[in-house]
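Chemist: After the C-alpha cells below, expect a handful of questions from me.
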Amino acid sequence: MVASVLDGKSCSAAVESSLVPRINDCVSAGIIPHLAVVIVGDDPASHVYVGAKIRACKRLGIKSSHIELPESTSEAELRNIITELNHDTDVHGILVQSPLPQHMDEEALTDLIHPSKDVDGFHPVNLGRLVQSRNDCLIPCTPNGVMRLLEWAGIETNGKTALVIGRSRNVGMPQAILLASRGADATVTIGHSRTADLELQCQQADIVVAAVGRPNMVKKSWIKPGAVVVDVGINRVDDEKSERGYLLVGDVEKSANEVASWITPVPGGVGPMTVAMLMENTVAAAENILQ
C-alpha cells in the first residue's frame with residue numbers, strides 16, 4: 001500500500017477560491033479586509049512564514065500591514081503597538097508572529113489582542129467559545145486547517161478513533177476538541193510526553209495527528225495499516241548532502257506512507273492550510289463588521 005497524499009496546496013487553493021466572492025462582498029460594502037502582522041526579531045523561519053502570509057493576502061486582495069521590530073523591542077513597546085491596532089477600525093485581524101524574544105510574555109501579549117481581531121484564534125475568549133461549540137469564535141488556524149483538509153479529501157471521522165500527539169494550546173488541544181465535536185464525532189485520545197506506551201496508542205488509532213515538533217518521532221511501525229496520518233510537524237534536520245545543508249522533515253517517518261491510507265506531505269501538507277485558514281479568519285473578522 002502506498003498512501004494517498006493529503007495535498008494541502010490543492011486544498012488551500014480551493015479555500016482561497018471560496019474566499020474571493022466573500023472578499024468582493026466586503027469590498028462592495030466599503031470594507032477591505034485588513035491583516036496586520038507583527039514580527040519581532042530575526043528568526044529566519046518566522047520571516048519565511050510571514051512572507052507566505054503576506055503573499056496570500058496579495059493573491060486575494062486582502063490588505064496587509066507588515067510591522068517589523070528589532071529583537072531589542074521592549075514588551076511595553078509591543079503592548080502599545082497591539083493596543084493601537086486594537087483601536088484601529090481599519091484593521092480587522094492582528095497576528096503577532098511566534099516565537100517572540102525570551103524577554104517577552106507571549107501568552108500575555110496574545111491575551112491583549114481583542115478577541116474579534118484574534119485571527120490566530122489563541123485568545124482565551126475564542127478558545128473558550130470553541131470548547132462550548134459556539135460558532136461566534138475565530139478557530140486556531142492549524143487545527144481548523146486539518147479539519148478542512150480531512151473534509152476536502154472525503155475522509156470520514158464519525159465513529160473513528162483519533163490520537164492527537166501534542167497538547168499545545170494552539171494545535172493539540174483545539175485539534176482534539178474539533179475532532180470530538182458534533183459533526184466530526186471522533187473518539188479522541190490526547191498523547192504527550194507522559195503518555196504510557198504511546199506506540200500502542202498509535203497502533204490503535206484510525207487517525208493520527210502528530211504535533212510535537214520532534215523529527216521522525218512517530219515510526220512507521222507505530223501506524224495502524226490503513227490509518228490516516230496528519231503530520232503537523234516541520235523540523236530542520238542537518239544534511240550535508242542537501243543543497244541547503246538541511247532537510248525539512250515531519251514528526252512522522254516518511255516511510256509511514258507505506259502503511260497509511262492517507263498522509264500529509266512535509267512540506268506541502270498542513271502548512272498551506274494554516275495560511276488559508278488565517279485568510280479565512282481575516283475575512284470572517286471583516287464580515288463581522290457588516291453584521
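We label chains A, B, ... in the order they appear in the C-alpha cells, count residues from 1 in each chain, and number ligands from 1 in the order shown.
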Check the DSSP output for the backbone and give back, as a list in words, the residues of range 11-81 of chain A in strand (DSSP E).
Modeler: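 The strand (DSSP E) subset of range 11-81 of chain A is His34, Leu35, Ala36, Val37, Val38, Ile39, Val40, Lys63, Ser64, Ser65, His66, Ile67, Glu68 and Leu69 of chain A.
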Chemist: Atoms to include: N, CA and C atoms. Write the selected residues as an mmCIF file, in the first residue's frame.
Modeler:
data_model
loop_
_atom_site.group_PDB
_atom_site.id
_atom_site.type_symbol
_atom_site.label_atom_id
_atom_site.label_comp_id
_atom_site.auth_asym_id
_atom_site.auth_seq_id
_atom_site.Cartn_x
_atom_site.Cartn_y
_atom_site.Cartn_z
ATOM 1 N N HIS A 34 -8.374 43.560 6.268
ATOM 2 C CA HIS A 34 -7.034 44.090 6.540
ATOM 3 C C HIS A 34 -6.393 43.281 7.668
ATOM 4 N N LEU A 35 -5.258 42.672 7.363
ATOM 5 C CA LEU A 35 -4.488 41.893 8.334
ATOM 6 C C LEU A 35 -3.211 42.632 8.686
ATOM 7 N N ALA A 36 -2.972 42.829 9.972
ATOM 8 C CA ALA A 36 -1.720 43.418 10.453
ATOM 9 C C ALA A 36 -0.865 42.311 11.061
ATOM 10 N N VAL A 37 0.343 42.149 10.531
ATOM 11 C CA VAL A 37 1.269 41.119 11.007
ATOM 12 C C VAL A 37 2.452 41.798 11.695
ATOM 13 N N VAL A 38 2.697 41.414 12.942
ATOM 14 C CA VAL A 38 3.799 41.978 13.715
ATOM 15 C C VAL A 38 4.844 40.887 13.928
ATOM 16 N N ILE A 39 6.090 41.180 13.589
ATOM 17 C CA ILE A 39 7.179 40.220 13.804
ATOM 18 C C ILE A 39 8.302 40.911 14.550
ATOM 19 N N VAL A 40 8.816 40.231 15.576
ATOM 20 C CA VAL A 40 9.871 40.801 16.413
ATOM 21 C C VAL A 40 11.117 39.920 16.294
ATOM 22 N N LYS A 63 -5.821 43.478 2.316
ATOM 23 C CA LYS A 63 -4.795 44.463 2.675
ATOM 24 C C LYS A 63 -3.939 43.892 3.803
ATOM 25 N N SER A 64 -2.626 44.092 3.719
ATOM 26 C CA SER A 64 -1.753 43.619 4.799
ATOM 27 C C SER A 64 -0.798 44.720 5.228
ATOM 28 N N SER A 65 -0.582 44.794 6.523
ATOM 29 C CA SER A 65 0.418 45.688 7.097
ATOM 30 C C SER A 65 1.472 44.816 7.769
ATOM 31 N N HIS A 66 2.724 45.068 7.465
ATOM 32 C CA HIS A 66 3.832 44.249 7.954
ATOM 33 C C HIS A 66 4.679 45.122 8.879
ATOM 34 N N ILE A 67 4.628 44.822 10.163
ATOM 35 C CA ILE A 67 5.334 45.623 11.156
ATOM 36 C C ILE A 67 6.523 44.819 11.675
ATOM 37 N N GLU A 68 7.730 45.208 11.277
ATOM 38 C CA GLU A 68 8.948 44.529 11.709
ATOM 39 C C GLU A 68 9.596 45.301 12.848
ATOM 40 N N LEU A 69 9.912 44.598 13.919
ATOM 41 C CA LEU A 69 10.519 45.222 15.093
ATOM 42 C C LEU A 69 11.822 44.501 15.433
#
Chemist: When you look at range 45-54 of chain A with a cut-off of 7 Å (counting only C-alpha atoms), what residues show up, excluding the ones that are within fewer than 3 positions of it in the same chain? I need them as an MDAnalysis selection string.
Modeler: chainID A and resid 57:58 64 97 275
Chemist: Print the selection's residues with N, CA and C atoms to a file, as a tab-separated table (two decimals), in the first residue's frame.
Modeler:
chain	number	residue	atom	x	y	z
A	57	CYS	N	-2.23	37.23	1.22
A	57	CYS	CA	-3.05	38.44	1.25
A	57	CYS	C	-3.05	39.12	-0.12
A	58	LYS	N	-1.88	39.21	-0.72
A	58	LYS	CA	-1.76	39.87	-2.02
A	58	LYS	C	-2.55	39.12	-3.09
A	64	SER	N	-2.63	44.09	3.72
A	64	SER	CA	-1.75	43.62	4.80
A	64	SER	C	-0.80	44.72	5.23
A	97	GLN	N	3.61	37.26	15.27
A	97	GLN	CA	4.30	36.03	14.86
A	97	GLN	C	5.08	35.42	16.03
A	275	VAL	N	-2.12	28.78	6.51
A	275	VAL	CA	-2.19	30.11	5.89
A	275	VAL	C	-3.59	30.37	5.34
Chemist: Dump as a tab-separated table the rows for residues of range 47-149 of chain A within 10 Å of range 180-189 of chain A: closest atom pair and distance in Å with one decimal, only C-alpha atoms counted, ordered by chain and rising residue number.
Modeler:
residue	atom	partner	partner_atom	distance
A:Leu130	CA	A:Ser181	CA	9.4
A:Val131	CA	A:Ser181	CA	8.8
A:Gln132	CA	A:Ser181	CA	9.5
A:Ser133	CA	A:Ser181	CA	7.1
A:Met147	CA	A:Ala184	CA	8.6
Chemist: Quote the spacing between CA of Val91 in chain A and CA of Lys117 in chain A in Å to one decimal place.
Modeler: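 Here the two named atoms are 8.0 Å from each other.
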Chemist: Residues within 7 Å of range 18-27 of chain A, please, as a short mmCIF file (atom, residue, chain, number, x, y, z; two decimals) with N, CA and C atoms, in the first residue's frame. Count only C-alpha atoms; anything in the same chain fewer than 3 positions from it doesn't count.
Modeler:
data_model
loop_
_atom_site.label_atom_id
_atom_site.label_comp_id
_atom_site.auth_asym_id
_atom_site.auth_seq_id
_atom_site.Cartn_x
_atom_site.Cartn_y
_atom_site.Cartn_z
N ALA A 14 -8.38 25.70 -3.07
CA ALA A 14 -9.85 25.65 -3.09
C ALA A 14 -10.43 26.59 -2.03
N VAL A 15 -9.81 26.63 -0.85
CA VAL A 15 -10.27 27.54 0.20
C VAL A 15 -10.14 28.99 -0.26
N GLY A 30 -17.79 48.50 1.19
CA GLY A 30 -16.88 49.55 1.64
C GLY A 30 -15.85 49.12 2.64
N ILE A 31 -15.68 47.80 2.79
CA ILE A 31 -14.70 47.28 3.75
C ILE A 31 -13.68 46.41 3.03
N ILE A 32 -12.40 46.75 3.14
CA ILE A 32 -11.34 45.92 2.60
C ILE A 32 -10.73 45.13 3.76
N LEU A 60 -5.22 37.45 -2.75
CA LEU A 60 -6.66 37.52 -2.52
C LEU A 60 -7.21 38.94 -2.50
N GLU A 280 -9.06 33.00 5.89
CA GLU A 280 -10.49 32.86 6.16
C GLU A 280 -10.89 33.58 7.45
N VAL A 283 -11.03 37.32 6.78
CA VAL A 283 -12.26 37.69 6.06
C VAL A 283 -13.46 37.63 7.00
N GLU A 287 -16.09 40.53 7.93
CA GLU A 287 -17.52 40.34 7.73
C GLU A 287 -18.31 40.67 9.00
#
Chemist: Excluding same-chain residues fewer than 6 positions from Val125 in chain A, what lies within 12 Å of it counting only C-alpha atoms, as a ChimeraX atom specification?
Modeler: /A:110-118,131-132,134,136-140
Chemist: Mind dumping the selected residues with C-alpha atoms as a PDB file, in the first residue's frame?
Modeler:
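What follows is the written file part-v3.pdb:
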ATOM      1  CA  THR A 110      -1.752  37.201  22.912  1.00  0.00           C
ATOM      2  CA  ASP A 111      -4.376  37.930  25.549  1.00  0.00           C
ATOM      3  CA  LEU A 112      -4.013  41.636  24.786  1.00  0.00           C
ATOM      4  CA  ILE A 113      -5.274  41.214  21.211  1.00  0.00           C
ATOM      5  CA  HIS A 114      -9.006  41.923  21.016  1.00  0.00           C
ATOM      6  CA  PRO A 115     -10.878  38.607  20.510  1.00  0.00           C
ATOM      7  CA  SER A 116     -12.659  39.966  17.420  1.00  0.00           C
ATOM      8  CA  LYS A 117      -9.260  40.596  15.770  1.00  0.00           C
ATOM      9  CA  ASP A 118      -7.521  37.470  17.090  1.00  0.00           C
ATOM     10  CA  VAL A 131     -14.947  24.440  23.874  1.00  0.00           C
ATOM     11  CA  GLN A 132     -18.615  25.487  24.037  1.00  0.00           C
ATOM     12  CA  ARG A 134     -20.133  28.112  19.563  1.00  0.00           C
ATOM     13  CA  ASP A 136     -19.030  33.030  17.051  1.00  0.00           C
ATOM     14  CA  CYS A 137     -15.322  32.381  17.507  1.00  0.00           C
ATOM     15  CA  LEU A 138     -12.160  32.514  15.442  1.00  0.00           C
ATOM     16  CA  ILE A 139     -10.758  28.977  15.376  1.00  0.00           C
ATOM     17  CA  PRO A 140      -6.998  28.296  15.625  1.00  0.00           C
TER      18      PRO A 140
END
Chemist: Which of range 3-217 of chain A counts as alpha helix (DSSP H) under DSSP, as JSON, numbers by chain please?
Modeler: {"A": [8, 9, 10, 11, 12, 13, 14, 15, 16, 17, 18, 19, 20, 21, 22, 23, 24, 25, 26, 27, 28, 44, 45, 46, 47, 48, 49, 50, 51, 52, 53, 54, 55, 56, 57, 58, 59, 60, 75, 76, 77, 78, 79, 80, 81, 82, 83, 84, 85, 86, 87, 106, 107, 108, 109, 110, 111, 112, 124, 125, 126, 127, 128, 129, 130, 131, 141, 142, 143, 144, 145, 146, 147, 148, 149, 150, 151, 152, 172, 173, 174, 175, 176, 177, 178, 179, 180, 198, 199, 200, 201, 202, 203]}
Chemist: Tell me, in Å to one decimal, how far CA of Ile177 in chain A is from CA of Thr282 in chain A.
Modeler: 22.0 Å
Chemist: So, counting only C-alpha atoms, which residue among A:Gly233, A:Gly226, A:Gly269, A:Pro143 is closest to Gly213 in chain A?
Modeler: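 That would be A:Gly233, the residue with the smallest distance to Gly213 in chain A.
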Chemist: Quick one: distance from CA of Thr195 in chain A to CA of Asn144 in chain A in Å, one decimal?
Modeler: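 If I compute the distance from CA of Thr195 in chain A to CA of Asn144 in chain A, I get 24.7 Å.
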Chemist: Taking 6 positions as the minimum chain separation for residues in the same chain, which residues sit within 8 Å of Gly8 in chain A when counting only C-alpha atoms? Answer as a ChimeraX atom specification.
Modeler: /A:149,264,268-273
Chemist: Compile the contact shell of Glu106 in chain A as a list in words: residues with an atom at most 10 Å away, counting only C-alpha atoms, same-chain residues fewer than 6 positions apart removed.
Modeler: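 Counting only the stated atoms, we get Glu75, Val96, Gln97, Ser98, Pro99, Leu100 and Leu112 of chain A.
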Chemist: Would you list the contacts of Val164 in chain A as a ChimeraX atom specification, taking every protein, DNA or RNA residue within 8 Å and counting only C-alpha atoms, but skipping same-chain residues closer than 4 positions in sequence?
Modeler: /A:172,175-176,188-191,208-211
Chemist: Which is closer to Asp42 in chain A than all the others in A:Glu16, A:Thr83, A:Glu243, A:Pro101, using only C-alpha atoms?
Modeler: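 Answer, going by the shortest atom-to-atom distance: A:Pro101.
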Chemist: A:Phe122, A:Ala256, A:Val228, A:Val249: which is nearest Thr161 in chain A, counting only C-alpha atoms?
Modeler: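 Residue with the minimum atom-to-atom distance to Thr161 in chain A: A:Val228.
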